[in-house]
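Peer 1: Supplied in C-alpha coordinates, the structure appears directly below.
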Amino acid sequence: MAIKFPAALYLIGFFDYFVYMAQPKQMDPHVVDRVKLPLSYDAARLRAEYDAMGLHPYMFYSTVMLKLPHERKPEDPPTRSPYIMSLIEAFNQHTQVTLARLLRLEPGSEVRQHCDPMLGLEVPDSVVRLTIPIFGGENVTFYLNDTPVPMQAGECWYLKLSDQHRITHGGLEERVNLTIDMKPTQWVRDLIQDSYTAAQSHS
(Lines give C-alpha, C1' and ligand atoms only; values in the text may rest on other atoms or scores of the structure.)
Protein backbone atom coordinates (compact mmCIF):
# COMPACT_ATOMS: atom_id res chain seq x y z
CA MET A 1 0.00 0.00 0.00
CA ALA A 2 1.38 3.41 -1.00
CA ILE A 3 2.19 5.79 1.81
CA LYS A 4 0.62 9.24 1.45
CA PHE A 5 2.59 12.26 2.65
CA PRO A 6 0.91 15.50 3.73
CA ALA A 7 0.70 18.06 0.92
CA ALA A 8 2.55 20.55 3.16
CA LEU A 9 5.72 18.47 2.86
CA TYR A 10 5.63 18.78 -0.91
CA LEU A 11 5.08 22.54 -0.61
CA ILE A 12 8.05 22.87 1.75
CA GLY A 13 10.20 20.90 -0.68
CA PHE A 14 9.26 23.09 -3.62
CA PHE A 15 9.80 26.23 -1.53
CA ASP A 16 13.31 25.09 -0.53
CA TYR A 17 14.08 24.31 -4.15
CA PHE A 18 13.11 27.77 -5.38
CA VAL A 19 15.00 29.42 -2.52
CA TYR A 20 18.07 27.44 -3.52
CA MET A 21 17.67 28.38 -7.18
CA ALA A 22 17.37 32.07 -6.24
CA GLN A 23 20.66 32.05 -4.35
CA PRO A 24 23.73 33.48 -6.14
CA LYS A 25 25.79 30.59 -7.43
CA GLN A 26 29.23 30.60 -5.83
CA MET A 27 32.01 29.61 -8.17
CA ASP A 28 34.34 26.91 -6.89
CA PRO A 29 37.73 27.89 -8.36
CA HIS A 30 38.90 24.30 -7.85
CA VAL A 31 36.23 23.10 -10.30
CA VAL A 32 35.42 25.92 -12.74
CA ASP A 33 38.10 26.11 -15.42
CA ARG A 34 36.71 28.76 -17.81
CA VAL A 35 34.55 31.87 -17.63
CA LYS A 36 33.68 34.29 -20.43
CA LEU A 37 33.72 37.81 -19.02
CA PRO A 38 31.20 40.53 -20.01
CA LEU A 39 33.93 42.53 -21.73
CA SER A 40 34.27 42.90 -25.48
CA TYR A 41 36.71 44.75 -27.69
CA ASP A 42 36.90 45.93 -31.27
CA ALA A 43 38.60 42.99 -33.00
CA ALA A 44 39.16 44.94 -36.23
CA ARG A 45 40.88 47.75 -34.34
CA LEU A 46 43.01 45.28 -32.40
CA ARG A 47 44.11 43.64 -35.63
CA ALA A 48 44.82 46.96 -37.32
CA GLU A 49 47.14 47.98 -34.48
CA TYR A 50 48.81 44.58 -34.58
CA ASP A 51 49.38 44.87 -38.35
CA ALA A 52 50.81 48.38 -37.87
CA MET A 53 53.54 46.96 -35.62
CA GLY A 54 55.26 45.46 -38.65
CA LEU A 55 56.60 42.52 -36.67
CA HIS A 56 59.27 40.17 -37.98
CA PRO A 57 58.47 36.67 -39.27
CA TYR A 58 58.96 33.78 -36.87
CA MET A 59 58.76 30.01 -36.67
CA PHE A 60 56.19 28.13 -34.55
CA TYR A 61 55.69 30.49 -31.60
CA SER A 62 56.52 34.11 -30.80
CA THR A 63 55.74 36.60 -28.04
CA VAL A 64 55.53 40.38 -28.22
CA MET A 65 56.06 42.04 -24.85
CA LEU A 66 53.73 44.95 -24.10
CA LYS A 67 54.19 45.30 -20.33
CA LEU A 68 56.89 43.63 -18.26
CA PRO A 69 57.04 43.00 -14.50
CA HIS A 70 58.49 45.49 -12.03
CA GLU A 71 57.80 48.51 -14.23
CA ARG A 72 60.43 47.48 -16.78
CA LYS A 73 59.58 48.68 -20.26
CA PRO A 74 59.78 46.56 -23.41
CA GLU A 75 62.84 47.14 -25.58
CA ASP A 76 60.58 48.06 -28.51
CA PRO A 77 57.60 49.87 -26.99
CA PRO A 78 54.41 49.51 -29.08
CA THR A 79 53.97 53.23 -29.69
CA ARG A 80 51.51 52.58 -32.54
CA SER A 81 49.13 50.60 -30.32
CA PRO A 82 47.14 53.15 -28.28
CA TYR A 83 43.97 51.04 -28.24
CA ILE A 84 45.76 47.92 -27.01
CA MET A 85 47.70 49.86 -24.40
CA SER A 86 44.57 51.66 -23.16
CA LEU A 87 42.89 48.29 -22.77
CA ILE A 88 45.75 47.07 -20.59
CA GLU A 89 45.75 50.30 -18.57
CA ALA A 90 42.01 49.94 -17.90
CA PHE A 91 42.73 46.75 -15.96
CA ASN A 92 45.61 48.46 -14.22
CA GLN A 93 43.11 50.85 -12.65
CA HIS A 94 41.61 47.98 -10.63
CA THR A 95 44.56 45.69 -10.05
CA GLN A 96 48.26 45.41 -10.84
CA VAL A 97 48.95 44.16 -14.33
CA THR A 98 52.17 42.17 -14.04
CA LEU A 99 52.64 41.08 -17.65
CA ALA A 100 50.94 41.73 -20.99
CA ARG A 101 51.91 40.05 -24.25
CA LEU A 102 50.80 39.20 -27.74
CA LEU A 103 51.12 35.45 -28.28
CA ARG A 104 51.64 34.44 -31.91
CA LEU A 105 51.20 30.90 -33.20
CA GLU A 106 52.27 29.82 -36.69
CA PRO A 107 49.67 28.19 -38.97
CA GLY A 108 49.63 24.40 -38.81
CA SER A 109 51.27 24.36 -35.37
CA GLU A 110 50.40 22.37 -32.30
CA VAL A 111 51.11 23.25 -28.67
CA ARG A 112 51.37 20.06 -26.68
CA GLN A 113 49.47 19.49 -23.47
CA HIS A 114 50.95 21.23 -20.46
CA CYS A 115 49.96 23.31 -17.43
CA ASP A 116 51.09 26.62 -15.94
CA PRO A 117 51.13 25.97 -12.18
CA MET A 118 50.91 29.64 -11.12
CA LEU A 119 47.99 30.64 -13.37
CA GLY A 120 44.91 29.59 -11.43
CA LEU A 121 42.54 31.59 -9.24
CA GLU A 122 42.77 29.02 -6.46
CA VAL A 123 46.59 28.92 -6.37
CA PRO A 124 48.11 30.90 -3.45
CA ASP A 125 50.27 33.87 -4.53
CA SER A 126 49.32 33.31 -8.15
CA VAL A 127 48.35 35.72 -10.90
CA VAL A 128 45.29 35.52 -13.12
CA ARG A 129 45.64 35.50 -16.89
CA LEU A 130 42.90 36.91 -19.09
CA THR A 131 42.90 36.03 -22.78
CA ILE A 132 41.59 38.22 -25.61
CA PRO A 133 41.79 36.58 -29.06
CA ILE A 134 42.64 39.05 -31.84
CA PHE A 135 42.43 36.84 -34.93
CA GLY A 136 43.02 33.36 -36.29
CA GLY A 137 40.63 31.70 -33.87
CA GLU A 138 38.28 30.30 -36.51
CA ASN A 139 40.70 27.47 -37.25
CA VAL A 140 42.28 27.18 -33.82
CA THR A 141 41.05 24.89 -31.07
CA PHE A 142 42.12 25.58 -27.50
CA TYR A 143 41.55 22.54 -25.30
CA LEU A 144 41.30 22.98 -21.54
CA ASN A 145 40.91 19.73 -19.62
CA ASP A 146 40.33 18.07 -23.02
CA THR A 147 37.29 20.27 -23.72
CA PRO A 148 37.38 23.03 -26.41
CA VAL A 149 37.00 26.64 -25.27
CA PRO A 150 34.91 28.53 -27.91
CA MET A 151 36.84 31.80 -27.81
CA GLN A 152 36.09 34.39 -30.49
CA ALA A 153 37.98 37.52 -31.54
CA GLY A 154 37.39 40.48 -29.23
CA GLU A 155 36.08 38.37 -26.34
CA CYS A 156 37.72 38.21 -22.91
CA TRP A 157 38.12 34.92 -21.03
CA TYR A 158 39.40 33.72 -17.68
CA LEU A 159 41.02 30.30 -18.10
CA LYS A 160 42.32 28.12 -15.30
CA LEU A 161 45.68 27.48 -16.91
CA SER A 162 47.02 25.60 -13.92
CA ASP A 163 44.98 22.77 -15.46
CA GLN A 164 46.07 20.80 -18.53
CA HIS A 165 45.64 22.60 -21.86
CA ARG A 166 46.79 22.31 -25.47
CA ILE A 167 46.24 23.98 -28.85
CA THR A 168 45.76 22.74 -32.40
CA HIS A 169 46.03 25.19 -35.30
CA GLY A 170 44.68 24.04 -38.65
CA GLY A 171 44.36 27.44 -40.32
CA LEU A 172 46.35 29.28 -42.97
CA GLU A 173 47.07 32.46 -41.02
CA GLU A 174 48.74 32.94 -37.68
CA ARG A 175 46.78 33.06 -34.46
CA VAL A 176 47.30 36.08 -32.22
CA ASN A 177 46.01 36.42 -28.65
CA LEU A 178 46.45 39.28 -26.23
CA THR A 179 47.11 37.90 -22.73
CA ILE A 180 47.09 40.03 -19.59
CA ASP A 181 48.40 38.72 -16.26
CA MET A 182 47.21 40.48 -13.13
CA LYS A 183 46.98 40.09 -9.38
CA PRO A 184 43.67 38.52 -8.27
CA THR A 185 42.35 41.49 -6.32
CA GLN A 186 38.78 41.47 -5.01
CA TRP A 187 37.72 43.41 -8.12
CA VAL A 188 39.12 40.66 -10.35
CA ARG A 189 37.54 37.92 -8.26
CA ASP A 190 34.16 39.68 -8.28
CA LEU A 191 34.36 40.13 -12.05
CA ILE A 192 34.95 36.42 -12.56
CA GLN A 193 32.37 35.38 -9.95
CA ASP A 194 29.66 37.69 -11.34
CA SER A 195 30.35 36.46 -14.88
CA TYR A 196 30.05 32.86 -13.73
CA THR A 197 26.82 33.57 -11.86
CA ALA A 198 25.29 35.29 -14.90
CA ALA A 199 26.28 32.40 -17.16
CA GLN A 200 24.74 29.88 -14.76
CA SER A 201 21.45 31.81 -14.64
CA HIS A 202 21.17 31.58 -18.43
CA SER A 203 22.15 27.95 -18.73
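Residues are referred to by chain and number: the chain letter is A, B, ... according to the order shown in the C-alpha coordinates, the number counts from 1 in that chain, and ligands are numbered separately from 1 in the order shown.
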Give one line per residue of stretch 28-108 of chain A that approaches stretch 152-162 of chain A to at most 12 Å, naming the two atoms of the closest pair and their distance in Å to one decimal, counting only C-alpha atoms; sort by chain then ascending residue number and deliver it as JSON lines.
Peer 2:
```
{"residue": "A:Asp28", "atom": "CA", "partner": "A:Lys160", "partner_atom": "CA", "distance": 11.7}
{"residue": "A:Pro29", "atom": "CA", "partner": "A:Lys160", "partner_atom": "CA", "distance": 8.3}
{"residue": "A:His30", "atom": "CA", "partner": "A:Lys160", "partner_atom": "CA", "distance": 9.0}
{"residue": "A:Val31", "atom": "CA", "partner": "A:Lys160", "partner_atom": "CA", "distance": 9.3}
{"residue": "A:Val32", "atom": "CA", "partner": "A:Lys160", "partner_atom": "CA", "distance": 7.7}
{"residue": "A:Asp33", "atom": "CA", "partner": "A:Lys160", "partner_atom": "CA", "distance": 4.7}
{"residue": "A:Arg34", "atom": "CA", "partner": "A:Leu159", "partner_atom": "CA", "distance": 4.6}
{"residue": "A:Val35", "atom": "CA", "partner": "A:Tyr158", "partner_atom": "CA", "distance": 5.2}
{"residue": "A:Lys36", "atom": "CA", "partner": "A:Trp157", "partner_atom": "CA", "distance": 4.5}
{"residue": "A:Leu37", "atom": "CA", "partner": "A:Cys156", "partner_atom": "CA", "distance": 5.6}
{"residue": "A:Pro38", "atom": "CA", "partner": "A:Cys156", "partner_atom": "CA", "distance": 7.5}
{"residue": "A:Leu39", "atom": "CA", "partner": "A:Cys156", "partner_atom": "CA", "distance": 5.9}
{"residue": "A:Ser40", "atom": "CA", "partner": "A:Glu155", "partner_atom": "CA", "distance": 5.0}
{"residue": "A:Tyr41", "atom": "CA", "partner": "A:Gly154", "partner_atom": "CA", "distance": 4.6}
{"residue": "A:Asp42", "atom": "CA", "partner": "A:Gly154", "partner_atom": "CA", "distance": 5.8}
{"residue": "A:Ala43", "atom": "CA", "partner": "A:Gly154", "partner_atom": "CA", "distance": 4.7}
{"residue": "A:Ala44", "atom": "CA", "partner": "A:Gly154", "partner_atom": "CA", "distance": 8.5}
{"residue": "A:Arg45", "atom": "CA", "partner": "A:Gly154", "partner_atom": "CA", "distance": 9.5}
{"residue": "A:Leu46", "atom": "CA", "partner": "A:Gly154", "partner_atom": "CA", "distance": 8.0}
{"residue": "A:Arg47", "atom": "CA", "partner": "A:Ala153", "partner_atom": "CA", "distance": 9.6}
{"residue": "A:Ile84", "atom": "CA", "partner": "A:Gly154", "partner_atom": "CA", "distance": 11.4}
{"residue": "A:Leu87", "atom": "CA", "partner": "A:Cys156", "partner_atom": "CA", "distance": 11.3}
```
Peer 1: Run DSSP on the backbone and tell me which residues of stretch 15-200 of chain A come out as alpha helix (DSSP H); list them as a tab-separated table (two decimals) with N, CA and C atoms, in the first residue's frame.
Peer 2:
```tsv
chain	number	residue	atom	x	y	z
A	15	PHE	N	9.35	24.93	-2.02
A	15	PHE	CA	9.80	26.23	-1.53
A	15	PHE	C	11.32	26.23	-1.35
A	16	ASP	N	11.86	25.18	-0.72
A	16	ASP	CA	13.31	25.09	-0.53
A	16	ASP	C	14.04	25.08	-1.85
A	17	TYR	N	13.44	24.40	-2.83
A	17	TYR	CA	14.08	24.31	-4.15
A	17	TYR	C	14.19	25.69	-4.80
A	18	PHE	N	13.09	26.45	-4.75
A	18	PHE	CA	13.11	27.77	-5.38
A	18	PHE	C	14.00	28.74	-4.62
A	19	VAL	N	14.07	28.59	-3.29
A	19	VAL	CA	15.00	29.42	-2.52
A	19	VAL	C	16.43	29.11	-2.94
A	20	TYR	N	16.72	27.84	-3.09
A	20	TYR	CA	18.07	27.44	-3.52
A	20	TYR	C	18.40	28.00	-4.90
A	21	MET	N	17.44	27.90	-5.83
A	21	MET	CA	17.67	28.38	-7.18
A	21	MET	C	17.86	29.89	-7.21
A	22	ALA	N	17.27	30.61	-6.26
A	22	ALA	CA	17.37	32.07	-6.24
A	22	ALA	C	18.69	32.54	-5.64
A	43	ALA	N	37.62	43.91	-32.44
A	43	ALA	CA	38.60	42.99	-33.00
A	43	ALA	C	39.29	43.58	-34.23
A	44	ALA	N	38.56	44.33	-35.04
A	44	ALA	CA	39.16	44.94	-36.23
A	44	ALA	C	40.21	45.98	-35.84
A	45	ARG	N	39.92	46.73	-34.80
A	45	ARG	CA	40.88	47.75	-34.34
A	45	ARG	C	42.11	47.09	-33.71
A	46	LEU	N	41.88	46.02	-32.96
A	46	LEU	CA	43.01	45.28	-32.40
A	46	LEU	C	43.91	44.75	-33.50
A	47	ARG	N	43.31	44.19	-34.54
A	47	ARG	CA	44.11	43.64	-35.63
A	47	ARG	C	44.84	44.73	-36.38
A	48	ALA	N	44.18	45.86	-36.60
A	48	ALA	CA	44.82	46.96	-37.32
A	48	ALA	C	46.06	47.44	-36.58
A	49	GLU	N	45.97	47.55	-35.25
A	49	GLU	CA	47.14	47.98	-34.48
A	49	GLU	C	48.23	46.91	-34.50
A	50	TYR	N	47.82	45.66	-34.49
A	50	TYR	CA	48.81	44.58	-34.58
A	50	TYR	C	49.53	44.65	-35.93
A	51	ASP	N	48.77	44.80	-37.01
A	51	ASP	CA	49.38	44.87	-38.35
A	51	ASP	C	50.34	46.06	-38.45
A	52	ALA	N	49.99	47.18	-37.79
A	52	ALA	CA	50.81	48.38	-37.87
A	52	ALA	C	52.15	48.22	-37.16
A	82	PRO	N	47.82	52.47	-29.39
A	82	PRO	CA	47.14	53.15	-28.28
A	82	PRO	C	45.91	52.41	-27.78
A	83	TYR	N	45.17	51.76	-28.67
A	83	TYR	CA	43.97	51.04	-28.24
A	83	TYR	C	44.34	49.85	-27.36
A	84	ILE	N	45.32	49.07	-27.79
A	84	ILE	CA	45.76	47.92	-27.01
A	84	ILE	C	46.29	48.35	-25.65
A	85	MET	N	47.11	49.41	-25.65
A	85	MET	CA	47.70	49.86	-24.40
A	85	MET	C	46.65	50.45	-23.45
A	86	SER	N	45.64	51.11	-24.00
A	86	SER	CA	44.57	51.66	-23.16
A	86	SER	C	43.75	50.53	-22.54
A	87	LEU	N	43.60	49.46	-23.27
A	87	LEU	CA	42.89	48.29	-22.77
A	87	LEU	C	43.62	47.70	-21.55
A	88	ILE	N	44.93	47.58	-21.69
A	88	ILE	CA	45.75	47.07	-20.59
A	88	ILE	C	45.67	48.01	-19.39
A	89	GLU	N	45.76	49.30	-19.65
A	89	GLU	CA	45.75	50.30	-18.57
A	89	GLU	C	44.40	50.30	-17.85
A	90	ALA	N	43.32	49.98	-18.55
A	90	ALA	CA	42.01	49.94	-17.90
A	90	ALA	C	41.99	48.89	-16.79
A	91	PHE	N	42.62	47.76	-17.02
A	91	PHE	CA	42.73	46.75	-15.96
A	91	PHE	C	43.64	47.23	-14.84
A	92	ASN	N	44.65	47.98	-15.21
A	92	ASN	CA	45.61	48.46	-14.22
A	92	ASN	C	44.98	49.45	-13.24
A	186	GLN	N	40.21	41.74	-5.20
A	186	GLN	CA	38.78	41.47	-5.01
A	186	GLN	C	37.99	41.89	-6.23
A	187	TRP	N	38.41	42.96	-6.90
A	187	TRP	CA	37.72	43.41	-8.12
A	187	TRP	C	37.79	42.33	-9.19
A	188	VAL	N	38.95	41.72	-9.36
A	188	VAL	CA	39.12	40.66	-10.35
A	188	VAL	C	38.28	39.45	-9.98
A	189	ARG	N	38.32	39.07	-8.71
A	189	ARG	CA	37.54	37.92	-8.26
A	189	ARG	C	36.04	38.15	-8.43
A	190	ASP	N	35.58	39.37	-8.12
A	190	ASP	CA	34.16	39.68	-8.28
A	190	ASP	C	33.76	39.65	-9.76
A	191	LEU	N	34.64	40.14	-10.62
A	191	LEU	CA	34.36	40.13	-12.05
A	191	LEU	C	34.16	38.70	-12.55
A	192	ILE	N	35.04	37.82	-12.13
A	192	ILE	CA	34.95	36.42	-12.56
A	192	ILE	C	33.73	35.75	-11.93
A	193	GLN	N	33.52	35.98	-10.64
A	193	GLN	CA	32.37	35.38	-9.95
A	193	GLN	C	31.05	35.85	-10.56
A	194	ASP	N	30.91	37.15	-10.78
A	194	ASP	CA	29.66	37.69	-11.34
A	194	ASP	C	29.43	37.16	-12.75
A	195	SER	N	30.50	37.00	-13.52
A	195	SER	CA	30.35	36.46	-14.88
A	195	SER	C	29.89	35.01	-14.84
A	196	TYR	N	30.45	34.26	-13.90
A	196	TYR	CA	30.05	32.86	-13.73
A	196	TYR	C	28.59	32.76	-13.31
A	197	THR	N	28.18	33.58	-12.35
A	197	THR	CA	26.82	33.57	-11.86
A	197	THR	C	25.84	33.90	-12.98
A	198	ALA	N	26.17	34.91	-13.79
A	198	ALA	CA	25.29	35.29	-14.90
A	198	ALA	C	25.17	34.18	-15.92
A	199	ALA	N	26.30	33.50	-16.20
A	199	ALA	CA	26.28	32.40	-17.16
A	199	ALA	C	25.42	31.25	-16.65
A	200	GLN	N	25.52	30.97	-15.34
A	200	GLN	CA	24.74	29.88	-14.76
A	200	GLN	C	23.24	30.19	-14.82
```
Peer 1: Output as an MDAnalysis selection string all residues of stretch 31-199 of chain A that backbone DSSP marks as strand (DSSP E).
Peer 2: chainID A and resid 34:40 61:67 97:105 110:114 128:135 140:144 147:149 155:159 165:169 175:182
Peer 1: May I ask for the distance between atom CA of A:Thr147 and atom CA of A:Leu121, given in Å to one decimal place?
Peer 2: 19.1 Å
Peer 1: May I ask for the distance between atom CA of A:Gln26 and atom CA of A:Val128, given in Å to one decimal place?
Peer 2: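 These atoms are spaced 18.3 Å apart.
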Peer 1: Pick out the closest residue to A:Leu172 from this set: A:Pro148, A:Gly54, A:Pro117, A:Gly136. Count only C-alpha atoms.
Peer 2: A:Gly136
Peer 1: Between A:Val176, A:Ala100, A:Met53, A:Met182, single out the one closest to A:Leu66, counting only C-alpha atoms.
Peer 2: A:Ala100
Peer 1: For a quick check of understanding, using only C-alpha atoms, which of A:Ile134, A:Val140, A:Met59, A:Met118 has the smallest distance to A:His169?
Peer 2: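 Answer, going by the shortest atom-to-atom distance: A:Val140.
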Peer 1: Just the number, please: distance in Å from atom CA of A:Glu138 to atom CA of A:Pro107, one decimal.
Peer 2: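 These atoms are spaced 11.8 Å apart.
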Peer 1: Could you check which of A:Asp116, A:Gly171, A:Val97, A:Thr179 is closest to A:Val64, using only C-alpha atoms?
Peer 2: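 Using only C-alpha atoms, A:Val64 sits closest to A:Thr179.
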